[in-house]
>>> print(open('final_22.csv').read())   # CSV, C-alpha atoms
chain,number,residue,atom,x,y,z
A,1,MET,CA,3.2,170.4,217.9
A,2,LYS,CA,4.1,171.0,221.5
A,3,PHE,CA,2.6,174.5,221.3
A,4,GLY,CA,-0.5,172.9,219.9
A,5,LEU,CA,-0.8,170.6,222.9
A,6,PHE,CA,-0.4,173.6,225.3
A,7,GLY,CA,-3.0,175.5,223.2
A,8,PHE,CA,-5.4,172.6,223.4
A,9,LEU,CA,-5.0,172.4,227.2
A,10,PHE,CA,-5.6,176.2,227.4
A,11,GLY,CA,-8.7,175.8,225.1
A,12,MET,CA,-10.1,173.0,227.4
A,13,TRP,CA,-9.5,175.2,230.4
A,14,ILE,CA,-11.4,178.1,228.8
A,15,LEU,CA,-14.2,175.8,227.9
A,16,ILE,CA,-14.4,174.6,231.5
A,17,ILE,CA,-14.7,178.2,232.8
A,18,ILE,CA,-17.4,179.1,230.2
A,19,GLY,CA,-19.2,175.8,230.8
A,20,GLY,CA,-19.2,176.6,234.5
A,21,GLY,CA,-20.8,180.0,233.8
A,22,ILE,CA,-23.5,178.4,231.8
A,23,MET,CA,-24.1,175.7,234.4
A,24,VAL,CA,-24.5,178.3,237.2
A,25,GLY,CA,-26.5,180.8,235.1
A,26,LEU,CA,-28.8,178.1,233.6
A,27,LEU,CA,-29.1,175.4,236.2
A,28,GLY,CA,-28.6,177.4,239.4
A,29,PRO,CA,-31.8,179.4,239.4
A,30,PHE,CA,-33.9,176.7,237.7
A,31,SER,CA,-36.8,175.6,239.9
A,32,LEU,CA,-40.3,174.1,239.5
A,33,GLN,CA,-42.7,174.9,242.4
A,34,PRO,CA,-46.1,173.7,241.2
A,35,PHE,CA,-45.3,170.0,241.7
A,36,GLY,CA,-45.7,170.0,245.5
A,37,ASP,CA,-43.3,167.8,247.6
A,38,PHE,CA,-41.9,166.1,244.5
A,39,HIS,CA,-40.7,169.3,242.8
A,40,TRP,CA,-37.1,168.8,243.8
A,41,ILE,CA,-37.0,165.4,242.2
A,42,ILE,CA,-38.5,166.7,238.9
A,43,THR,CA,-36.2,169.8,239.1
A,44,SER,CA,-33.2,167.5,239.6
A,45,GLY,CA,-34.2,165.4,236.7
A,46,ILE,CA,-34.6,168.4,234.3
A,47,LYS,CA,-31.2,169.7,235.6
A,48,ALA,CA,-29.6,166.3,234.8
A,49,VAL,CA,-31.0,166.4,231.3
A,50,ILE,CA,-29.7,170.0,230.7
A,51,ALA,CA,-26.3,169.0,232.2
A,52,ILE,CA,-26.0,166.0,229.9
A,53,ILE,CA,-26.9,168.2,226.9
A,54,LEU,CA,-24.3,170.7,227.9
A,55,VAL,CA,-21.7,168.0,228.3
A,56,ILE,CA,-22.5,166.6,224.8
A,57,ILE,CA,-22.1,170.2,223.4
A,58,TRP,CA,-18.8,170.5,225.3
A,59,ILE,CA,-17.5,167.3,223.8
A,60,LEU,CA,-18.5,168.3,220.3
A,61,ILE,CA,-16.8,171.7,220.6
A,62,LEU,CA,-13.7,170.0,222.0
A,63,SER,CA,-13.7,167.6,219.0
A,64,LYS,CA,-13.8,170.6,216.6
A,65,LEU,CA,-11.0,172.2,218.6
A,66,LYS,CA,-9.0,169.1,218.4
A,67,ASN,CA,-9.5,168.7,214.6
A,68,TRP,CA,-8.6,172.4,214.1
A,69,ILE,CA,-5.4,172.3,216.2
A,70,PHE,CA,-4.1,168.8,215.2
A,71,LYS,CA,-5.5,168.5,211.7
A,72,LYS,CA,-2.1,168.2,210.0
A,73,ASP,CA,-0.7,165.8,212.7
A,74,ILE,CA,-3.8,163.6,212.7
A,75,LEU,CA,-3.8,163.2,209.0
A,76,SER,CA,0.0,162.6,208.8
B,1,MET,CA,-4.5,173.6,264.3
B,2,ILE,CA,-1.3,172.2,266.0
B,3,GLU,CA,-2.9,168.7,266.1
B,4,LEU,CA,-3.7,169.0,262.4
B,5,LEU,CA,-0.1,170.0,261.6
B,6,ILE,CA,1.4,167.2,263.7
B,7,SER,CA,-0.9,164.6,262.2
B,8,GLY,CA,-0.1,165.9,258.7
B,9,ILE,CA,3.7,165.7,259.3
B,10,ILE,CA,3.6,162.2,260.8
B,11,SER,CA,1.3,160.8,258.1
B,12,CYS,CA,3.4,162.3,255.3
B,13,ILE,CA,6.6,160.8,256.8
B,14,CYS,CA,5.0,157.4,257.2
B,15,ALA,CA,3.5,157.6,253.7
B,16,PHE,CA,6.9,158.3,252.1
B,17,PHE,CA,9.0,155.8,254.1
B,18,ALA,CA,6.4,153.0,254.0
B,19,VAL,CA,6.6,153.0,250.2
B,20,PHE,CA,10.4,153.7,250.2
B,21,PHE,CA,11.2,150.7,252.4
B,22,VAL,CA,8.6,148.3,251.3
B,23,THR,CA,9.1,148.6,247.5
B,24,PRO,CA,12.7,147.1,247.2
B,25,PRO,CA,11.7,143.8,249.0
B,26,LEU,CA,8.5,143.8,247.0
B,27,ILE,CA,10.5,144.0,243.8
B,28,ASN,CA,12.7,141.1,244.9
B,29,PHE,CA,9.6,139.0,245.8
B,30,LEU,CA,7.9,139.7,242.5
B,31,GLU,CA,11.0,138.9,240.5
B,32,LYS,CA,11.7,135.7,242.4
B,33,ASN,CA,8.1,134.6,241.8
B,34,ASN,CA,8.2,135.6,238.1
B,35,PHE,CA,5.6,138.4,238.5
B,36,THR,CA,7.4,140.4,235.8
B,37,VAL,CA,6.5,141.9,232.4
B,38,LYS,CA,8.6,142.9,229.4
B,39,ASP,CA,9.5,146.6,229.2
B,40,VAL,CA,8.5,147.0,225.5
B,41,ASN,CA,10.4,150.3,225.1
B,42,LYS,CA,13.8,148.9,225.9
B,43,LYS,CA,16.2,147.5,223.3
B,44,GLU,CA,17.3,144.6,225.5
B,45,ASN,CA,14.9,142.0,226.9
B,46,VAL,CA,14.3,143.8,230.2
B,47,MET,CA,11.8,142.3,232.6
B,48,VAL,CA,10.2,144.6,235.2
B,49,ALA,CA,8.4,143.6,238.4
B,50,ARG,CA,4.7,144.2,238.6
B,51,PRO,CA,2.4,145.2,240.3
B,52,GLY,CA,3.7,147.9,242.6
B,53,GLY,CA,0.2,148.7,243.7
B,54,ILE,CA,0.9,146.7,246.8
B,55,SER,CA,3.4,149.1,248.3
B,56,ILE,CA,1.3,152.1,247.1
B,57,ILE,CA,-1.8,151.0,248.9
B,58,LEU,CA,0.2,150.1,252.0
B,59,GLY,CA,1.6,153.6,252.2
B,60,ILE,CA,-1.8,155.2,251.7
B,61,LEU,CA,-3.5,152.9,254.3
B,62,ILE,CA,-0.9,153.5,257.0
B,63,SER,CA,-0.9,157.3,256.5
B,64,GLU,CA,-4.7,157.7,256.3
B,65,PHE,CA,-5.3,155.5,259.4
B,66,ILE,CA,-2.9,157.7,261.3
B,67,LEU,CA,-4.8,160.8,260.1
B,68,TYR,CA,-8.1,159.1,261.1
B,69,ALA,CA,-6.7,158.4,264.6
B,70,PHE,CA,-6.1,162.1,265.0
B,71,LEU,CA,-9.0,163.7,263.1
B,72,GLN,CA,-11.9,161.1,263.1
B,73,LEU,CA,-13.3,162.4,259.8
B,74,ASN,CA,-15.8,160.4,257.6
B,75,GLU,CA,-14.0,161.9,254.6
B,76,ILE,CA,-10.9,159.9,255.6
B,77,LEU,CA,-12.9,156.7,255.9
B,78,ALA,CA,-14.4,157.3,252.4
B,79,ILE,CA,-10.9,157.8,251.1
B,80,ILE,CA,-9.6,154.6,252.7
B,81,ILE,CA,-12.5,152.3,251.7
B,82,THR,CA,-12.9,153.6,248.1
B,83,THR,CA,-9.1,153.6,247.5
B,84,PHE,CA,-8.7,150.1,248.9
B,85,GLY,CA,-11.7,149.0,246.7
B,86,ALA,CA,-10.0,150.4,243.6
B,87,PHE,CA,-6.7,148.7,244.6
B,88,LEU,CA,-8.5,145.3,244.8
B,89,ILE,CA,-10.2,145.9,241.4
B,90,GLY,CA,-6.8,146.7,239.9
B,91,TYR,CA,-5.2,143.7,241.5
B,92,ILE,CA,-7.8,141.4,240.1
B,93,ASP,CA,-7.2,143.0,236.6
B,94,ASP,CA,-3.4,142.6,237.1
B,95,ARG,CA,-3.8,138.8,237.8
B,96,LYS,CA,-6.6,138.0,235.4
B,97,ILE,CA,-7.5,139.6,232.1
B,98,MET,CA,-11.0,141.0,232.6
B,99,GLY,CA,-13.5,142.5,230.0
B,100,GLY,CA,-13.7,146.2,229.1
B,101,TRP,CA,-16.8,146.6,231.4
B,102,PHE,CA,-15.0,145.3,234.5
B,103,LYS,CA,-13.1,148.4,235.7
B,104,PRO,CA,-15.8,151.1,235.0
B,105,VAL,CA,-18.6,149.1,236.7
B,106,THR,CA,-16.6,147.9,239.7
B,107,LEU,CA,-15.1,151.4,240.3
B,108,ALA,CA,-18.6,152.8,240.2
B,109,ILE,CA,-19.5,150.4,243.0
B,110,ALA,CA,-16.3,151.3,244.9
B,111,SER,CA,-17.4,154.9,244.9
B,112,LEU,CA,-20.6,154.1,246.9
B,113,PRO,CA,-18.9,154.5,250.4
B,114,ILE,CA,-18.5,158.2,249.7
B,115,ILE,CA,-22.3,158.5,249.3
B,116,PHE,CA,-23.2,156.2,252.3
B,117,LEU,CA,-20.8,158.0,254.6
B,118,GLY,CA,-22.2,161.4,253.4
B,119,ALA,CA,-18.6,162.6,252.7
B,120,TYR,CA,-19.6,165.1,250.1
B,121,ASP,CA,-21.3,168.4,249.5
B,122,SER,CA,-23.8,168.5,246.6
B,123,ASN,CA,-22.8,172.1,245.7
B,124,LEU,CA,-20.6,172.1,242.6
B,125,THR,CA,-18.4,175.2,242.8
B,126,PHE,CA,-17.2,176.9,239.6
B,127,PRO,CA,-14.6,179.7,239.2
B,128,LEU,CA,-15.9,183.2,238.8
B,129,PHE,CA,-19.6,182.1,238.8
B,130,GLY,CA,-20.1,180.5,242.2
B,131,ASP,CA,-22.1,177.4,243.2
B,132,VAL,CA,-24.8,175.4,241.6
B,133,GLN,CA,-26.9,173.0,243.8
B,134,ILE,CA,-27.4,169.6,242.1
B,135,PRO,CA,-28.4,167.1,244.9
B,136,LEU,CA,-29.5,164.2,242.8
B,137,LEU,CA,-27.2,164.9,239.9
B,138,TYR,CA,-24.2,165.1,242.2
B,139,ILE,CA,-24.7,161.5,243.3
B,140,GLY,CA,-24.5,160.5,239.6
B,141,LEU,CA,-21.3,162.6,239.4
B,142,ILE,CA,-19.7,160.7,242.3
B,143,ILE,CA,-20.5,157.4,240.7
B,144,ILE,CA,-19.0,158.3,237.3
B,145,MET,CA,-16.1,160.4,238.7
B,146,ILE,CA,-14.1,157.5,240.4
B,147,PRO,CA,-14.2,155.3,237.2
B,148,ILE,CA,-13.1,158.3,235.2
B,149,THR,CA,-10.2,159.4,237.4
B,150,GLY,CA,-9.1,155.7,237.9
B,151,ASN,CA,-9.1,154.8,234.2
B,152,THR,CA,-7.6,158.2,233.2
B,153,ILE,CA,-4.5,157.6,235.3
B,154,ASN,CA,-4.4,154.0,234.2
B,155,SER,CA,-4.5,155.0,230.5
B,156,ILE,CA,-1.6,157.4,230.9
B,157,ASP,CA,0.6,154.7,232.5
B,158,VAL,CA,2.4,153.9,229.2
B,159,LEU,CA,6.0,154.9,229.8
B,160,ASN,CA,8.5,154.6,232.6
B,161,GLY,CA,7.6,156.9,235.5
B,162,VAL,CA,4.7,158.7,233.8
B,163,ALA,CA,1.9,157.6,236.1
B,164,SER,CA,3.7,158.2,239.4
B,165,GLY,CA,5.5,161.4,238.2
B,166,PHE,CA,2.2,162.7,236.8
B,167,MET,CA,0.5,161.9,240.2
B,168,VAL,CA,3.2,163.8,242.1
B,169,ILE,CA,2.5,167.0,240.2
B,170,ALA,CA,-1.3,166.7,240.0
B,171,SER,CA,-1.8,165.7,243.6
B,172,LEU,CA,0.6,168.4,244.9
B,173,THR,CA,-1.3,170.9,242.8
B,174,LEU,CA,-4.6,169.7,244.4
B,175,SER,CA,-3.1,170.0,247.9
B,176,ILE,CA,-1.9,173.6,247.1
B,177,CYS,CA,-5.4,174.5,245.8
B,178,LEU,CA,-7.0,173.1,249.0
B,179,PHE,CA,-4.7,175.2,251.1
B,180,ILE,CA,-5.5,178.3,248.9
B,181,LEU,CA,-9.2,177.6,249.5
B,182,GLN,CA,-8.5,177.3,253.3
B,183,ASN,CA,-9.9,173.7,253.3
B,184,TYR,CA,-7.0,172.7,255.7
B,185,GLU,CA,-8.3,169.4,256.9
B,186,ILE,CA,-8.7,167.9,253.4
B,187,ALA,CA,-5.5,169.5,252.3
B,188,ILE,CA,-3.6,167.6,255.0
B,189,VAL,CA,-5.6,164.4,254.2
B,190,SER,CA,-4.5,164.8,250.5
B,191,LEU,CA,-0.8,165.2,251.2
B,192,PRO,CA,0.0,161.4,251.7
B,193,LEU,CA,-0.9,160.9,248.0
B,194,VAL,CA,1.9,163.3,247.1
B,195,PHE,CA,4.4,161.5,249.3
B,196,VAL,CA,3.4,158.0,248.3
B,197,SER,CA,3.6,159.0,244.6
B,198,LEU,CA,7.0,160.6,245.2
B,199,ALA,CA,8.5,157.6,246.9
B,200,PHE,CA,7.1,155.3,244.3
B,201,TYR,CA,8.5,157.5,241.5
B,202,LYS,CA,12.0,156.7,242.8
B,203,PHE,CA,11.6,153.1,241.6
B,204,HIS,CA,9.3,153.8,238.7
B,205,LYS,CA,11.3,156.5,236.9
B,206,ILE,CA,13.5,155.6,233.8
B,207,PRO,CA,14.7,152.8,233.9
B,208,SER,CA,11.8,151.4,235.9
B,209,LYS,CA,12.5,148.7,238.5
B,210,ILE,CA,8.8,148.2,239.1
B,211,PHE,CA,5.5,149.0,237.3
B,212,PRO,CA,2.5,150.1,239.3
B,213,GLY,CA,0.2,147.9,237.3
B,214,ASP,CA,-3.6,148.4,237.2
B,215,SER,CA,-3.7,148.1,241.0
B,216,GLY,CA,-1.3,151.0,241.4
B,217,ALA,CA,-2.8,153.2,238.7
B,218,LEU,CA,-6.3,152.7,239.9
B,219,THR,CA,-5.3,153.3,243.5
B,220,PHE,CA,-3.7,156.6,242.4
B,221,GLY,CA,-6.7,157.7,240.3
B,222,ALA,CA,-9.4,156.7,242.7
B,223,MET,CA,-7.8,158.4,245.7
B,224,TYR,CA,-7.3,161.5,243.6
B,225,GLY,CA,-11.0,161.4,242.7
B,226,VAL,CA,-12.2,160.9,246.3
B,227,ILE,CA,-10.1,163.9,247.4
B,228,ALA,CA,-11.6,166.0,244.7
B,229,ILE,CA,-15.1,165.0,245.9
B,230,VAL,CA,-14.7,165.3,249.7
B,231,GLY,CA,-12.7,168.5,249.3
B,232,GLY,CA,-15.3,170.1,247.0
B,233,VAL,CA,-12.6,170.8,244.3
B,234,GLU,CA,-14.0,168.8,241.4
B,235,ILE,CA,-13.4,171.4,238.8
B,236,ILE,CA,-9.9,172.2,240.0
B,237,ALA,CA,-9.0,168.5,240.1
B,238,ALA,CA,-10.3,168.1,236.5
B,239,VAL,CA,-8.1,171.0,235.4
B,240,ALA,CA,-5.0,169.6,237.1
B,241,LEU,CA,-5.7,166.3,235.3
B,242,LEU,CA,-6.2,167.7,231.8
B,243,PRO,CA,-3.2,166.1,230.1
B,244,ALA,CA,-4.5,162.6,231.2
B,245,ILE,CA,-8.0,163.6,230.2
B,246,ILE,CA,-6.8,164.7,226.8
B,247,ASN,CA,-5.2,161.3,226.4
B,248,SER,CA,-8.4,159.5,227.2
B,249,PHE,CA,-10.5,161.9,225.1
B,250,LEU,CA,-8.2,161.4,222.1
B,251,PHE,CA,-8.2,157.7,222.5
B,252,LEU,CA,-12.0,157.4,222.9
B,253,SER,CA,-12.8,159.9,220.1
B,254,SER,CA,-10.5,157.9,217.7
B,255,VAL,CA,-11.7,154.4,218.6
B,256,LYS,CA,-15.3,155.6,219.3
B,257,GLN,CA,-16.0,152.9,222.0
B,258,VAL,CA,-15.1,152.0,225.6
B,259,VAL,CA,-12.5,149.3,225.1
B,260,GLU,CA,-9.4,148.0,226.8
B,261,HIS,CA,-6.0,149.1,225.4
B,262,ARG,CA,-4.9,145.5,225.0
B,263,GLN,CA,-7.9,144.9,222.6
B,264,ILE,CA,-6.7,147.5,220.2
B,265,LYS,CA,-4.8,145.9,217.3
B,266,GLY,CA,-3.1,149.0,215.7
B,267,LYS,CA,-0.2,150.4,217.8
B,268,PRO,CA,-0.1,154.2,218.1
B,269,VAL,CA,3.7,154.3,218.2
B,270,GLU,CA,6.6,152.2,216.9
B,271,HIS,CA,10.4,152.1,217.4
B,272,THR,CA,13.1,153.5,215.2
B,273,SER,CA,16.3,151.6,214.6
B,274,ASP,CA,18.0,153.4,217.5
B,275,PHE,CA,14.9,152.5,219.7
B,276,LYS,CA,13.5,156.0,219.8
B,277,LEU,CA,9.7,156.2,219.6
B,278,LYS,CA,7.9,157.5,216.5
B,279,SER,CA,4.3,158.1,215.5
B,280,THR,CA,2.9,155.2,213.4
B,281,ASN,CA,1.4,155.5,209.9
B,282,ASP,CA,-1.2,152.9,210.8
B,283,LYS,CA,-4.5,154.5,210.1
B,284,THR,CA,-6.4,152.0,212.4
B,285,ALA,CA,-4.2,152.9,215.4
B,286,PRO,CA,-5.8,155.1,218.1
B,287,ILE,CA,-4.7,158.7,218.5
B,288,THR,CA,-3.1,159.2,221.9
B,289,LEU,CA,-1.2,161.9,223.8
B,290,VAL,CA,2.1,160.2,223.1
B,291,ARG,CA,1.3,159.9,219.4
B,292,LEU,CA,0.6,163.6,219.1
B,293,ILE,CA,3.8,164.5,221.0
B,294,LEU,CA,5.7,162.3,218.5
B,295,ALA,CA,4.0,163.9,215.5
B,296,GLY,CA,6.9,166.4,215.4
B,297,GLY,CA,9.5,163.5,215.0
B,298,PRO,CA,11.0,160.6,216.9
B,299,LEU,CA,11.9,161.2,220.6
B,300,SER,CA,13.5,159.0,223.3
B,301,GLU,CA,11.2,157.6,226.1
B,302,LYS,CA,12.8,160.1,228.6
B,303,GLN,CA,12.1,163.1,226.3
B,304,ILE,CA,8.4,162.1,225.9
B,305,VAL,CA,8.1,161.7,229.7
B,306,PHE,CA,9.5,165.2,230.2
B,307,VAL,CA,7.1,166.7,227.6
B,308,ILE,CA,4.2,165.0,229.6
B,309,PHE,CA,5.5,166.5,232.8
B,310,LYS,CA,5.8,170.0,231.3
B,311,LEU,CA,2.1,169.7,230.1
B,312,THR,CA,1.1,168.5,233.7
B,313,ILE,CA,3.0,171.5,235.3
B,314,PHE,CA,1.2,173.8,232.8
B,315,SER,CA,-2.2,172.4,233.7
B,316,GLY,CA,-1.2,172.6,237.4
B,317,ILE,CA,-0.6,176.3,237.0
B,318,LEU,CA,-4.0,176.6,235.3
B,319,ALA,CA,-5.5,174.7,238.3
B,320,ILE,CA,-3.9,177.1,240.8
B,321,ILE,CA,-5.2,180.1,238.8
B,322,THR,CA,-8.6,178.4,238.9
B,323,ALA,CA,-8.4,178.1,242.7
B,324,PHE,CA,-7.7,181.8,243.0
B,325,MET,CA,-10.6,182.5,240.7
B,326,MET,CA,-12.9,180.5,243.1
B,327,GLY,CA,-12.7,183.5,245.5
B,328,VAL,CA,-13.7,186.0,242.8
B,329,SER,CA,-17.3,186.5,241.8
B,330,ILE,CA,-18.6,188.3,238.7
>>> encode(input="final_22.csv", output="structure tokens")
Amino acid sequence: MKFGLFGFLFGMWILIIIGGGIMVGLLGPFSLQPFGDFHWIITSGIKAVIAIILVIIWILILSKLKNWIFKKDILS
Amino acid sequence: MIELLISGIISCICAFFAVFFVTPPLINFLEKNNFTVKDVNKKENVMVARPGGISIILGILISEFILYAFLQLNEILAIIITTFGAFLIGYIDDRKIMGGWFKPVTLAIASLPIIFLGAYDSNLTFPLFGDVQIPLLYIGLIIIMIPITGNTINSIDVLNGVASGFMVIASLTLSICLFILQNYEIAIVSLPLVFVSLAFYKFHKIPSKIFPGDSGALTFGAMYGVIAIVGGVEIIAAVALLPAIINSFLFLSSVKQVVEHRQIKGKPVEHTSDFKLKSTNDKTAPITLVRLILAGGPLSEKQIVFVIFKLTIFSGILAIITAFMMGVSI
């Protein structure tokens, strides 16, 4: 059990690192120029939507990871 | 640099001794005025003084005002105002039972001084991959980060000494990471949190003489969150906080709604005949970090606290590795 918790911590850390890579790779270079002065507001809005989707995916993966590591303990 | 060092040393000494000397008379005052709660994990009917947030905020305010006198940084003002706001929110919750919405909403409002004082950088830095610029999104991040850190520390405050001991390890990790990243000013500004937590731990450890209460836990969490924002170490701070985040995540994913702990009917743990703690068989009870630790069998309160500290040290090591990875780019 205790090893499971350490494993879960390590899994979360790996997910944070990978998530960071996706954020930088996907959101960093994202830009919309044709909307004149308001392009940064629209760009930020789209970035926010992508970020929220990424967070939801992150939580779903984490939930699967939790069920996989603690399946026996949660059911007991 | 010498001025920074002197102000750091003076503020840390003041932070530690303010809490160290103020807490015993505060315990006497709270006990005389019946501001006590039952320690549910003790066999005897032990009443413990609460809230200890008063001495915690005093130590933080004294040390941060000293630092402000030396350094005149907007970041310090943001720490002082937001942390004091979190203390007031917690104190109200200590004295009066508020709804589940109260703390998240008011803590979000308490985070506004960080934005108004411009004490942040809207670049979010990730290990290995570098920065991402998110000017508008970052403001949203500030507003949700303080409620998250505040409530996360509050939710782990379930056993004697956990909240303060956890904070000693996590905040020391954060300070070390700030030094690694050569952000010396914010590293010095963050140190009083380590010393305040350490001084309070002396009275909070098993057997507790005082509980921090919501006022203390939210003060710890909010200050930690502000340091993460003004120091630009949000990801590192999240890694150092992982055991507490796991606790909140497990709780929320099992109850599937934002709700106060006191509103949950099923208890995640129960006592054995020799007053050890064991995981409950109640299917309606939420899954928590303590419940998972106890899945292997009953443990004493002290043993559980040490398992939580081991997990915190492990996540602290991961946070320090993350800080070193900030300087590496792939």
>>> residues_around(input="final_22.csv", residues="range 21-30 of chain A", least_positions_apart="5", cutoff="10 Å", atoms="only C-alpha atoms", output="JSON, numbers by chain")
{"A": [15, 16, 43, 44, 46, 47, 48, 50, 51, 54], "B": [124, 125, 126, 127, 128, 129, 130, 131, 132, 133, 134, 330]}
>>> atom_distance(input="final_22.csv", atom1="CA of Ile210 in chain B", atom2="CA of Asn45 in chain B")
15.0 Å
>>> atom_distance(input="final_22.csv", atom1="CA of Leu67 in chain B", atom2="CA of Leu88 in chain B")
22.1 Å
>>> closest_residue(input="final_22.csv", among="A:His39, A:Leu62, A:Trp68, A:Ile53", to="chain B", atoms="only C-alpha atoms")
A:Leu62
>>> interface_residues(input="final_22.csv", of="chain B", to="chain A", cutoff="9 Å", atoms="all atoms listed in the file", output="PyMOL selection string")
chain B and resi 125-137+235+239+242-243+246+249-250+253+281+283+287+289+292-296+307+311+314-315+318-319+322
>>> residues_around(input="final_22.csv", residues="Gln303 in chain B", least_positions_apart="2", cutoff="12 Å", atoms="all atoms listed in the file", output="list in words")
Leu159, Asn160, Gly161, Val162, Ile206, Lys276, Leu277, Val290, Ile293, Leu294, Gly297, Pro298, Leu299, Ser300, Glu301, Val305, Phe306, Val307, Ile308, Phe309 and Lys310 of chain B
>>> residues_around(input="final_22.csv", residues="range 77-85 of chain B", least_positions_apart="4", cutoff="6 Å", atoms="all atoms listed in the file", output="list in words")
Ala110, Ser111, Pro113, Ile114, Thr219, Ala222, Met223 and Val226 of chain B
>>> residues_around(input="final_22.csv", residues="Asn154 in chain B", least_positions_apart="3", cutoff="12 Å", atoms="only C-alpha atoms", output="NGL selection string")
:B and (53 or 86-87 or 90 or 93-94 or 103-104 or 147-151 or 157-159 or 162-164 or 166-167 or 211-222 or 244-245 or 247-248 or 260-261)
>>> atom_distance(input="final_22.csv", atom1="CA of Met145 in chain B", atom2="CA of Leu252 in chain B")
16.6 Å
>>> closest_residue(input="final_22.csv", among="B:Leu26, B:Phe116, B:Leu241, B:Gly165", to="Val196 in chain B", atoms="all atoms listed in the file")
B:Gly165
